[in-house]
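**Student:** Next comes run-v4.txt, compact mmCIF, C-alpha atoms:
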```
# COMPACT_ATOMS: atom_id res chain seq x y z
CA MET P 1 153.62 82.96 72.29
CA LEU P 2 152.60 80.17 69.96
CA ARG P 3 149.27 81.87 69.44
CA ILE P 4 151.02 85.09 68.43
CA LEU P 5 153.23 83.23 65.99
CA GLN P 6 150.23 81.42 64.56
CA PHE P 7 148.42 84.72 64.22
CA LEU P 8 151.38 86.29 62.42
CA TYR P 9 151.67 83.22 60.20
CA SER P 10 148.04 83.54 59.17
CA LEU P 11 148.78 87.13 58.22
CA ARG P 12 151.96 86.28 56.34
CA SER P 13 150.83 87.38 52.88
CA PHE P 14 149.57 90.68 54.21
CA LEU P 15 152.83 91.28 56.06
CA LEU P 16 154.83 90.46 52.95
CA PHE P 17 152.64 92.85 50.99
CA VAL P 18 153.25 95.65 53.48
CA LEU P 19 156.98 94.94 53.52
CA LEU P 20 157.26 95.05 49.73
CA GLU P 21 155.21 98.24 49.53
CA VAL P 22 157.52 99.85 52.08
CA VAL P 23 160.50 98.78 49.99
CA ALA P 24 158.87 100.24 46.88
CA VAL P 25 158.07 103.53 48.60
CA TRP P 26 161.59 103.71 49.93
CA LEU P 27 162.90 103.21 46.38
CA ILE P 28 160.59 105.92 45.05
CA VAL P 29 161.63 108.41 47.70
CA SER P 30 165.34 107.72 47.43
CA ASN P 31 165.19 107.93 43.66
CA ASN P 32 163.20 111.12 43.56
CA SER P 33 165.72 113.52 45.00
CA PRO P 34 167.14 115.46 42.05
CA GLN P 35 170.66 114.99 43.33
CA GLY P 36 172.26 111.95 44.88
CA ALA P 37 172.82 108.42 43.81
CA ALA P 38 170.01 106.17 42.72
CA PHE P 39 170.13 102.43 43.13
CA PHE P 40 169.07 100.75 39.96
CA ASN P 41 168.22 102.69 36.90
CA SER P 42 168.72 102.54 33.18
CA SER P 43 172.42 103.41 33.45
CA THR P 44 173.41 99.95 34.68
CA ALA P 45 175.38 97.85 32.21
CA LEU P 46 172.64 95.42 31.24
CA THR P 47 169.75 97.86 30.86
CA GLY P 48 172.02 100.39 29.22
CA SER P 49 173.18 98.01 26.52
CA VAL P 50 169.64 96.75 25.88
CA LEU P 51 168.32 100.28 25.51
CA LYS P 52 171.26 101.23 23.32
CA THR P 53 170.57 98.36 20.93
CA GLN P 54 166.96 99.43 20.70
CA SER P 55 167.92 103.02 20.04
CA ASP P 56 170.46 101.91 17.42
CA VAL P 57 167.67 100.29 15.46
CA VAL P 58 165.21 103.15 15.88
CA ASP P 59 167.78 105.86 15.17
CA PHE P 60 168.65 104.28 11.87
CA PHE P 61 165.36 105.55 10.50
CA THR P 62 165.96 109.14 11.61
CA LEU P 63 169.56 109.41 10.45
CA ALA P 64 168.76 111.74 7.56
CA GLU P 65 166.95 114.17 9.81
CA ALA P 66 169.66 114.06 12.47
CA ASN P 67 172.30 114.74 9.81
CA LYS P 68 170.38 117.71 8.51
CA GLU P 69 170.09 119.21 11.98
CA LEU P 70 173.78 118.72 12.65
CA THR P 71 174.87 120.34 9.40
CA GLU P 72 172.54 123.26 10.04
CA GLN P 73 174.07 123.75 13.43
CA ASN P 74 177.57 123.47 11.98
CA ALA P 75 176.75 126.22 9.53
CA ALA P 76 175.46 128.46 12.29
CA LEU P 77 178.56 127.83 14.40
CA LEU P 78 180.88 128.55 11.48
CA GLU P 79 179.12 131.83 10.90
CA LYS P 80 179.57 132.75 14.55
CA LEU P 81 183.22 131.74 14.46
CA THR P 82 184.05 134.04 11.58
CA ARG P 83 182.41 136.90 13.43
CA ILE P 84 184.31 136.23 16.66
CA ASN P 85 187.79 135.64 15.18
CA PRO P 86 189.57 138.94 15.66
CA PRO P 87 191.38 140.49 12.71
CA VAL P 88 195.16 140.27 12.93
CA ASP P 89 196.50 143.38 14.60
CA SER P 90 199.85 144.62 15.80
CA VAL P 91 198.55 144.94 19.35
CA THR P 92 197.43 141.84 21.22
CA PHE P 93 196.06 141.62 24.74
CA GLU P 94 196.62 138.76 27.12
CA LEU P 95 193.20 137.65 28.24
CA ASP P 96 192.39 138.13 31.86
CA SER P 97 191.69 134.91 33.75
CA ALA P 98 188.09 136.05 34.19
CA PHE P 99 187.59 135.54 30.48
CA GLU P 100 189.14 132.11 30.40
CA ALA P 101 186.85 129.48 29.06
CA SER P 102 185.52 127.65 32.07
CA PHE P 103 183.12 125.39 30.19
CA LYS P 104 183.90 122.11 28.47
CA PHE P 105 181.54 120.59 25.97
CA LYS P 106 180.91 116.98 25.05
CA SER P 107 178.45 115.32 22.73
CA ALA P 108 176.36 112.22 23.32
CA ARG P 109 173.36 110.35 22.04
CA VAL P 110 170.10 109.83 23.88
CA ILE P 111 169.27 106.14 24.04
CA SER P 112 166.13 106.25 26.13
CA GLN P 113 163.79 108.80 27.57
CA THR P 114 160.33 109.15 29.04
CA LEU P 115 157.84 111.93 28.40
CA ARG P 116 154.57 111.14 30.05
CA PHE P 117 155.34 111.02 33.75
CA ALA P 118 155.80 113.80 36.26
CA GLN P 119 159.40 112.76 36.84
CA ASN P 120 160.97 112.11 33.47
CA HIS P 121 164.49 110.92 32.86
CA ILE P 122 166.80 110.54 29.89
CA THR P 123 169.55 107.98 29.41
CA ILE P 124 172.61 108.83 27.33
CA ASN P 125 175.28 106.60 25.87
CA LYS P 126 178.30 108.10 27.58
CA GLY P 127 179.49 107.62 31.13
CA GLU P 128 182.36 107.95 33.52
CA LYS P 129 184.72 106.52 30.92
CA ASP P 130 184.06 109.50 28.66
CA GLY P 131 184.39 112.06 31.42
CA ILE P 132 180.73 112.57 32.21
CA LYS P 133 180.10 113.69 35.78
CA PRO P 134 176.93 114.10 37.83
CA GLY P 135 175.70 117.69 37.65
CA MET P 136 176.67 118.41 34.05
CA GLY P 137 174.11 120.28 31.98
CA ILE P 138 172.47 118.69 28.94
CA PHE P 139 171.22 120.69 25.95
CA ASN P 140 170.79 120.31 22.23
CA GLN P 141 170.74 122.69 19.31
CA ASP P 142 167.24 123.88 20.21
CA GLY P 143 167.58 124.41 23.92
CA VAL P 144 168.08 123.07 27.42
CA VAL P 145 167.25 119.39 27.90
CA GLY P 146 168.21 118.53 31.48
CA ARG P 147 170.96 117.72 33.94
CA VAL P 148 173.05 114.59 34.58
CA LYS P 149 172.01 112.77 37.74
CA THR P 150 173.90 109.49 37.98
CA VAL P 151 176.79 108.09 36.01
CA SER P 152 177.88 104.51 35.44
CA LYS P 153 180.91 103.34 33.50
CA ASN P 154 179.38 103.55 30.04
CA TYR P 155 176.03 105.27 30.49
CA SER P 156 174.46 108.06 32.46
CA VAL P 157 170.97 109.04 33.50
CA GLY P 158 169.87 112.63 33.51
CA ILE P 159 166.87 114.43 34.91
CA SER P 160 164.90 115.79 32.01
CA LEU P 161 163.73 119.39 32.04
CA LEU P 162 160.33 117.67 32.05
CA ASN P 163 160.79 116.77 35.69
CA THR P 164 158.96 118.62 38.42
CA GLY P 165 162.05 118.40 40.61
CA LEU P 166 164.38 120.37 38.34
CA LEU P 167 164.75 124.14 38.52
CA ILE P 168 166.87 125.97 35.97
CA SER P 169 168.13 129.46 36.67
CA SER P 170 167.14 131.58 33.71
CA LYS P 171 166.44 135.09 32.54
CA ILE P 172 164.30 136.95 30.05
CA LYS P 173 166.62 137.93 27.23
CA SER P 174 165.11 141.32 26.43
CA ASN P 175 165.28 142.83 29.92
CA ASP P 176 167.62 140.52 31.88
CA VAL P 177 165.08 139.73 34.59
CA PHE P 178 165.91 136.51 36.43
CA GLY P 179 163.64 133.61 37.22
CA SER P 180 163.58 129.84 37.48
CA VAL P 181 162.18 127.53 34.86
CA ASN P 182 160.26 124.59 36.30
CA TRP P 183 157.99 122.06 34.64
CA ASP P 184 154.51 121.73 36.10
CA GLY P 185 154.01 118.10 35.09
CA LYS P 186 151.26 118.72 32.55
CA ASN P 187 152.16 119.41 28.95
CA PRO P 188 155.57 118.29 27.61
CA ASP P 189 155.73 121.39 25.37
CA GLU P 190 155.28 123.95 28.11
CA ALA P 191 156.89 124.96 31.39
CA LYS P 192 156.57 127.74 33.95
CA LEU P 193 158.89 130.64 34.62
CA LEU P 194 158.80 131.24 38.35
CA TYR P 195 159.76 134.11 40.62
CA VAL P 196 159.39 136.95 38.15
CA PRO P 197 158.16 139.98 40.13
CA ARG P 198 154.90 141.65 39.17
CA HIS P 199 156.34 144.98 38.14
CA VAL P 200 158.38 143.43 35.34
CA LYS P 201 157.20 144.28 31.86
CA ALA P 202 157.49 141.07 29.88
CA SER P 203 155.71 140.44 26.64
CA VAL P 204 154.52 137.35 24.82
CA GLY P 205 157.18 136.04 22.46
CA ASP P 206 160.17 137.10 24.59
CA THR P 207 163.01 134.58 24.63
CA ILE P 208 164.03 132.83 27.87
CA ILE P 209 167.70 131.88 28.17
CA THR P 210 169.86 130.39 30.89
CA SER P 211 171.28 132.94 33.29
CA GLY P 212 174.57 131.23 34.05
CA PHE P 213 173.93 131.76 37.75
CA ASN P 214 173.73 128.20 38.97
CA SER P 215 177.03 127.41 37.23
CA ILE P 216 175.59 124.38 35.43
CA PHE P 217 174.89 126.03 32.11
CA PRO P 218 176.81 128.91 30.60
CA SER P 219 174.58 131.91 30.14
CA GLY P 220 172.70 132.33 26.90
CA ILE P 221 171.45 128.85 26.06
CA GLN P 222 167.89 129.07 24.89
CA ILE P 223 165.10 127.49 26.94
CA GLY P 224 161.93 128.73 25.30
CA THR P 225 159.69 131.66 24.49
CA ILE P 226 156.96 133.27 26.56
CA LYS P 227 153.53 132.00 25.60
CA GLU P 228 151.22 133.50 28.20
CA ILE P 229 151.51 136.00 31.02
CA ASN P 230 148.96 136.12 33.82
CA PRO P 231 148.96 137.85 37.18
CA GLY P 232 149.82 134.97 39.49
CA LYS P 233 147.83 133.59 42.38
CA GLU P 234 150.61 134.67 44.68
CA GLN P 235 150.74 138.38 45.34
CA ASN P 236 154.28 139.02 44.29
CA TYR P 237 154.96 137.02 41.17
CA LEU P 238 153.74 136.78 37.63
CA ASP P 239 152.46 133.48 36.31
CA ILE P 240 154.41 133.01 33.10
CA LEU P 241 153.89 130.06 30.75
CA ILE P 242 156.69 129.36 28.30
CA ALA P 243 156.82 127.21 25.19
CA LEU P 244 159.92 125.03 25.40
CA SER P 245 162.17 125.32 22.39
CA ALA P 246 163.57 121.78 22.61
CA ASP P 247 161.19 119.25 21.10
CA PHE P 248 161.33 116.49 23.70
CA SER P 249 159.48 113.98 21.56
CA ARG P 250 162.43 113.69 19.21
CA ILE P 251 165.70 114.28 20.98
CA ASN P 252 168.56 112.39 19.40
CA TYR P 253 171.91 114.02 19.89
CA VAL P 254 172.71 116.20 22.86
CA TYR P 255 175.61 118.24 24.16
CA LEU P 256 176.88 118.08 27.70
CA VAL P 257 178.49 121.04 29.36
CA GLU P 258 180.78 120.92 32.35
CA ASN P 259 181.83 123.90 34.41
CA THR P 260 185.50 123.28 35.13
CA GLN P 261 185.46 125.77 37.99
CA ILE P 262 182.47 124.33 39.77
CA GLY P 263 184.60 122.78 42.51
CA GLU P 264 186.15 126.14 43.30
CA LEU P 265 182.76 127.82 43.25
CA ASP P 266 181.25 125.19 45.51
CA SER P 267 183.95 125.49 48.12
CA LEU P 268 183.62 129.26 47.96
CA TYR P 269 179.88 128.96 48.54
CA GLN P 270 180.53 126.62 51.42
CA GLN P 271 182.91 129.07 53.03
CA ALA P 272 180.38 131.83 52.59
CA GLU P 273 177.71 129.44 53.90
CA ILE P 274 175.50 129.81 50.85
CA ARG P 275 173.55 126.74 49.93
CA ASN P 276 173.72 126.25 46.19
CA GLU P 277 170.14 125.89 45.07
CA TYR P 278 169.44 124.47 41.69
CA MET V 1 151.91 73.28 37.97
CA ASN V 2 153.97 70.99 35.80
CA ILE V 3 157.15 71.88 33.99
CA ARG V 4 155.41 72.46 30.71
CA THR V 5 153.01 75.10 31.94
CA PHE V 6 155.86 76.65 33.89
CA ILE V 7 157.94 77.07 30.76
CA SER V 8 155.03 78.43 28.78
CA PHE V 9 154.32 80.97 31.53
CA PHE V 10 157.96 81.95 31.67
CA LEU V 11 158.03 82.53 27.92
CA MET V 12 154.80 84.48 27.99
CA GLY V 13 156.16 86.69 30.76
CA LEU V 14 159.38 87.27 28.87
CA ILE V 15 157.59 88.21 25.66
CA LEU V 16 155.07 90.51 27.34
CA VAL V 17 157.74 92.28 29.37
CA ALA V 18 159.89 92.71 26.25
CA VAL V 19 156.93 94.14 24.35
CA GLN V 20 156.27 96.48 27.26
CA ILE V 21 159.85 97.72 27.37
CA PHE V 22 160.54 98.05 23.66
CA LEU V 23 157.23 99.01 22.11
CA LEU V 24 154.77 100.24 24.69
CA LYS V 25 157.19 102.31 26.76
CA ASN V 26 157.13 105.16 24.28
CA LEU V 27 153.45 104.84 23.48
CA ALA V 28 151.10 107.45 24.88
CA LEU V 29 147.90 107.72 22.91
CA PHE V 30 146.74 111.38 22.82
CA GLY V 31 149.20 112.03 25.62
CA VAL V 32 146.95 110.43 28.23
CA ALA V 33 146.60 106.74 27.44
CA LEU V 34 149.56 104.61 28.48
CA CYS V 35 149.51 100.85 28.18
CA PHE V 36 150.51 98.42 30.91
CA LEU V 37 150.22 95.20 28.98
CA TYR V 38 152.64 93.34 31.27
CA LEU V 39 149.87 93.13 33.87
CA LEU V 40 148.49 90.31 31.73
CA VAL V 41 151.26 88.11 33.17
CA ILE V 42 149.98 88.67 36.69
CA PHE V 43 146.35 88.24 35.60
CA SER V 44 146.90 84.98 33.73
CA LEU V 45 148.73 83.04 36.44
CA PRO V 46 146.73 79.98 37.54
CA VAL V 47 144.12 80.36 40.27
CA SER V 48 145.90 77.80 42.42
CA ILE V 49 149.14 79.78 42.72
CA GLY V 50 150.16 80.61 46.29
CA HIS V 51 149.51 84.09 47.61
CA ILE V 52 153.09 84.64 48.73
CA SER V 53 154.62 83.65 45.41
CA LEU V 54 152.07 85.76 43.55
CA ILE V 55 153.01 88.85 45.56
CA LEU V 56 156.73 88.21 45.15
CA LEU V 57 156.33 87.64 41.43
CA SER V 58 154.32 90.84 40.98
CA PHE V 59 156.91 92.81 42.87
CA GLY V 60 159.72 91.32 40.79
CA ILE V 61 158.04 92.06 37.46
CA GLY V 62 157.18 95.59 38.58
CA LEU V 63 160.75 96.24 39.66
CA PHE V 64 162.09 94.91 36.38
CA ILE V 65 159.83 97.24 34.40
CA ASP V 66 160.81 100.11 36.71
CA VAL V 67 164.49 99.72 35.88
CA PHE V 68 163.77 100.29 32.21
CA TYR V 69 161.23 103.04 32.77
CA ASP V 70 163.45 104.96 35.23
CA THR V 71 160.41 105.22 37.48
CA MET V 72 162.05 103.45 40.39
CA GLY V 73 159.51 101.77 42.62
CA ILE V 74 156.28 103.09 41.08
CA HIS V 75 155.50 100.04 38.94
CA ALA V 76 156.67 97.78 41.75
CA ALA V 77 154.35 99.40 44.30
CA SER V 78 151.31 99.26 42.04
CA ALA V 79 151.99 95.74 40.74
CA THR V 80 152.49 94.42 44.29
CA PHE V 81 149.10 95.80 45.20
CA ILE V 82 147.54 93.97 42.25
CA GLY V 83 149.28 90.75 43.28
CA PHE V 84 147.98 91.19 46.80
CA ILE V 85 144.32 91.79 45.98
CA ARG V 86 144.04 89.25 43.15
CA PRO V 87 143.12 86.19 45.30
CA TYR V 88 140.51 88.20 47.25
CA TRP V 89 139.02 89.57 44.08
CA LEU V 90 138.96 86.09 42.54
CA LYS V 91 137.09 84.84 45.60
CA VAL V 92 134.54 87.66 45.35
CA ILE V 93 133.72 87.03 41.71
CA SER V 94 134.04 83.23 41.76
CA PRO V 95 131.55 81.54 39.45
CA THR V 96 128.98 79.15 40.92
CA GLY V 97 130.73 75.92 41.82
CA GLY V 98 134.09 77.62 42.32
CA TYR V 99 137.22 77.20 40.28
CA ASP V 100 138.81 74.02 39.00
CA ASP V 101 142.22 73.24 40.37
CA ASN V 102 144.07 74.02 37.16
CA ASN V 103 141.83 76.87 36.07
CA GLU V 104 143.55 79.83 34.49
CA PRO V 105 141.74 83.14 34.73
CA THR V 106 141.99 83.97 31.05
CA LEU V 107 139.48 85.21 28.52
CA LYS V 108 139.24 81.94 26.58
CA GLU V 109 138.55 79.88 29.67
CA MET V 110 136.19 82.13 31.55
CA GLY V 111 134.35 84.16 28.91
CA MET V 112 134.08 87.85 28.18
CA GLY V 113 131.62 88.94 30.87
CA TRP V 114 133.54 87.32 33.68
CA TYR V 115 136.86 88.57 32.36
CA PHE V 116 135.62 92.15 32.26
CA THR V 117 134.59 92.06 35.93
CA TYR V 118 137.88 90.36 36.72
CA ALA V 119 140.43 92.49 34.88
CA ALA V 120 138.89 95.93 34.36
CA PRO V 121 138.67 97.01 38.04
CA MET V 122 142.16 95.72 38.78
CA ILE V 123 143.65 97.52 35.79
CA PHE V 124 141.86 100.69 36.84
CA PHE V 125 143.14 100.44 40.40
CA PHE V 126 146.63 99.78 39.11
CA SER V 127 146.49 102.89 36.91
CA LEU V 128 145.02 104.96 39.73
CA ILE V 129 147.81 104.00 42.12
CA PHE V 130 150.44 104.40 39.43
CA PHE V 131 149.42 107.90 38.39
CA SER V 132 148.72 109.03 41.96
CA ILE V 133 152.28 108.20 42.94
CA ASP V 134 153.67 109.63 39.74
CA GLN V 135 151.79 112.93 39.95
CA TRP V 136 152.32 113.19 43.71
CA GLY V 137 152.62 116.81 44.77
CA THR V 138 151.83 118.28 41.39
CA GLY V 139 148.17 118.60 42.27
CA GLY V 140 145.27 117.90 39.97
CA PHE V 141 143.26 114.84 40.95
CA PHE V 142 141.35 115.31 37.72
CA GLY V 143 144.51 114.73 35.70
CA VAL V 144 145.16 111.50 37.59
CA LEU V 145 141.62 110.26 37.00
CA ASN V 146 141.74 111.23 33.36
CA LYS V 147 145.01 109.43 32.73
CA SER V 148 143.91 106.39 34.75
CA PHE V 149 140.64 106.05 32.90
CA PHE V 150 142.08 106.22 29.41
CA SER V 151 145.14 104.14 30.28
CA SER V 152 143.07 101.37 31.80
CA THR V 153 140.72 101.38 28.81
CA LEU V 154 143.62 101.04 26.40
CA THR V 155 145.30 98.37 28.53
CA PHE V 156 142.10 96.35 28.80
CA LEU V 157 141.39 96.51 25.07
CA LEU V 158 144.95 95.48 24.24
CA ALA V 159 144.84 92.66 26.81
CA ILE V 160 141.66 91.32 25.18
CA LEU V 161 143.20 91.61 21.74
CA VAL V 162 146.40 89.81 22.74
CA GLN V 163 144.43 86.97 24.31
CA LEU V 164 142.17 86.57 21.30
CA LEU V 165 145.14 86.46 18.95
CA PHE V 166 147.77 84.53 20.82
CA PHE V 167 146.30 82.54 23.71
CA LYS V 168 145.21 78.99 23.04
CA LYS V 169 142.65 77.27 25.16
CA ARG V 170 144.10 75.10 27.92
CA ARG V 171 147.65 76.23 27.28
CA GLY V 172 149.73 79.07 28.62
CA ILE V 173 150.49 80.61 25.27
```
Once you've parsed the file, please lay out its structure as structure tokens.
**Tutor:**
Amino acid sequence: MLRILQFLYSLRSFLLFVLLEVVAVWLIVSNNSPQGAAFFNSSTALTGSVLKTQSDVVDFFTLAEANKELTEQNAALLEKLTRINPPVDSVTFELDSAFEASFKFKSARVISQTLRFAQNHITINKGEKDGIKPGMGIFNQDGVVGRVKTVSKNYSVGISLLNTGLLISSKIKSNDVFGSVNWDGKNPDEAKLLYVPRHVKASVGDTIITSGFNSIFPSGIQIGTIKEINPGKEQNYLDILIALSADFSRINYVYLVENTQIGELDSLYQQAEIRNEY
Amino acid sequence: MNIRTFISFFLMGLILVAVQIFLLKNLALFGVALCFLYLLVIFSLPVSIGHISLILLSFGIGLFIDVFYDTMGIHAASATFIGFIRPYWLKVISPTGGYDDNNEPTLKEMGMGWYFTYAAPMIFFFSLIFFSIDQWGTGGFFGVLNKSFFSSTLTFLLAILVQLLFFKKRRGI
């Protein structure tokens, strides 16, 4: 017995090493699932406030540009609004509940993000206190940015679109063919559009938008444009490369969208025994 | 280790980790070269430090960096490995006559040639482990090698530069 203990004692540093590596691997695995709570990350109070201070300083230098983008978007929205507002008429219809707005929008600022890994994340400066919930979609004026993963009181961490674990249900705008956008971990300007059947006639330059099928994003938010189309390695699908429209190297302000009916949808899916795949 | 060297090491660690988090986190030269300057903390600890405390320290620093990088566990795993192999590697490349008791494996004390054989392979292995875990499942061993090579080159050059500029002989910082 003593010999065994002595033997183990002589191996103590190796055993500690193995133990710590196991802990690290466990952390990696538990943090890598796209849904579910993570243990520590940049949404905790201390790290969040440190990153926010840093971003406050850095953002000061890009204020002019951010302002310009926001005013441009305001102008575009105003134009849309005037087109949508119906002229006053003697006959009015009560809207059917199917047309009720089921999406709520919020704005936030990105305080930290990574670009160069295979699993990239973004941290934003709003949390539970401001009504942010896990699962909300994140986009900016250019296109889809990601999805909220974990939320703390004041901050939240989202999975960036530049994360090999995130699939976004999308469609080609010109012919309404559905697919899933997924990043392949290589170039932060490009992603892949998966599961588009071979017979589909798509052309370079076509716009890819969200389909609204996974009930995270409303339909019609831009994701990117088709850059290359190749016959895929798999028999059935095309290999489509898209250029992402959001410039991930300079994301400042983002919008968050919440589907207010997602609870109802989820329970419906559960009753119908459909697993909601993202 | 007396209290003075302890404090100077603590300060050096704090500064390097802060630089890593605030400046180097967003740096990626040509999209392939990342910089892991905080490894210099693990490299510069005295030769006489215990193996257990070295491993624990490496793990702690790695975990701390991870929290800010949102790469939970990846830095910790790779840094722990570096902490584990450091004493063996030091033994392999020990100069004739061995080390003094209060030797610090830094550039100013040991010279350029020795430091290259000391730090360069460890930085490369760190990068290799780091990018292998990061790119796990996305395929492309070439991409991992490419990123590791350029990242370790950049890290090594920056580590040399920092030591030439800021390290004094026979002091921590």
**Student:** When the cut-off is 6 Å and we count all atoms listed in the file, which residues of chain V are near chain P, given as a PyMOL selection string?
**Tutor:** chain V and resi 52+67-68+70+72-73+77+134-135
**Student:** Which polymer residues have any atom within 7 Å of an atom of P:Ile209, counting only C-alpha atoms, with same-chain residues fewer than 6 positions away left out, as JSON, numbers by chain?
**Tutor:** {"P": [170, 171, 172, 173, 220, 221, 222, 223]}
**Student:** Using atom CA of V:Lys147 and atom CA of V:Lys25 as the two end points, give the distance in Å to one decimal.
**Tutor:**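 So the answer is 15.3 Å.
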**Student:** Record the distance separating atom CA of P:Leu238 and atom CA of P:Lys201, expressed in Å with one decimal.
**Tutor:** 10.1 Å
**Student:** Please compute the atom CA of V:Phe150-atom CA of P:Lys227 distance, one decimal, in Å.
**Tutor:**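 According to the coordinates, atom CA of V:Phe150 and atom CA of P:Lys227 are separated by 28.5 Å.
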**Student:** Padding 3 Å on every side, please: axis-aligned box over the listed atoms of stretch 237-248 of chain P, centre and edge lengths to one decimal in Å, as JSON.
**Tutor:**
```
{"center_x": 158.0, "center_y": 126.8, "center_z": 31.1, "size_x": 17.1, "size_y": 26.5, "size_z": 26.1}
```
**Student:** Write out as number ranges by chain the residues lying within 12 Å of stretch 58-68 of chain P, counting all atoms listed in the file and excluding same-chain residues fewer than 6 positions away.
**Tutor:** P: 51-52, 74-75, 109-112, 140-141, 250-254; V: 22-23, 26
**Student:** As a list in words, please: the residues near stretch 36-38 of chain V (cut-off 9 Å, all atoms listed in the file, same-chain neighbours under 3 positions excluded).
**Tutor:** Gly13, Leu16, Val17, Ala18, Val19, Gln20, Leu24, Lys25, Val41, Ile42, Ile61, Gly62, Ile65, Ile123, Ser127, Ser151, Ser152, Leu154, Thr155, Phe156, Leu158 and Ala159 of chain V
**Student:** Taking the point (153.4, 92.2, 41.5) as given in the file, collect each protein or nucleic acid residue that comes within 9 Å of it, counting only C-alpha atoms, and present the set as a PyMOL selection string.
**Tutor:** chain V and resi 39+42+54-63+75-84
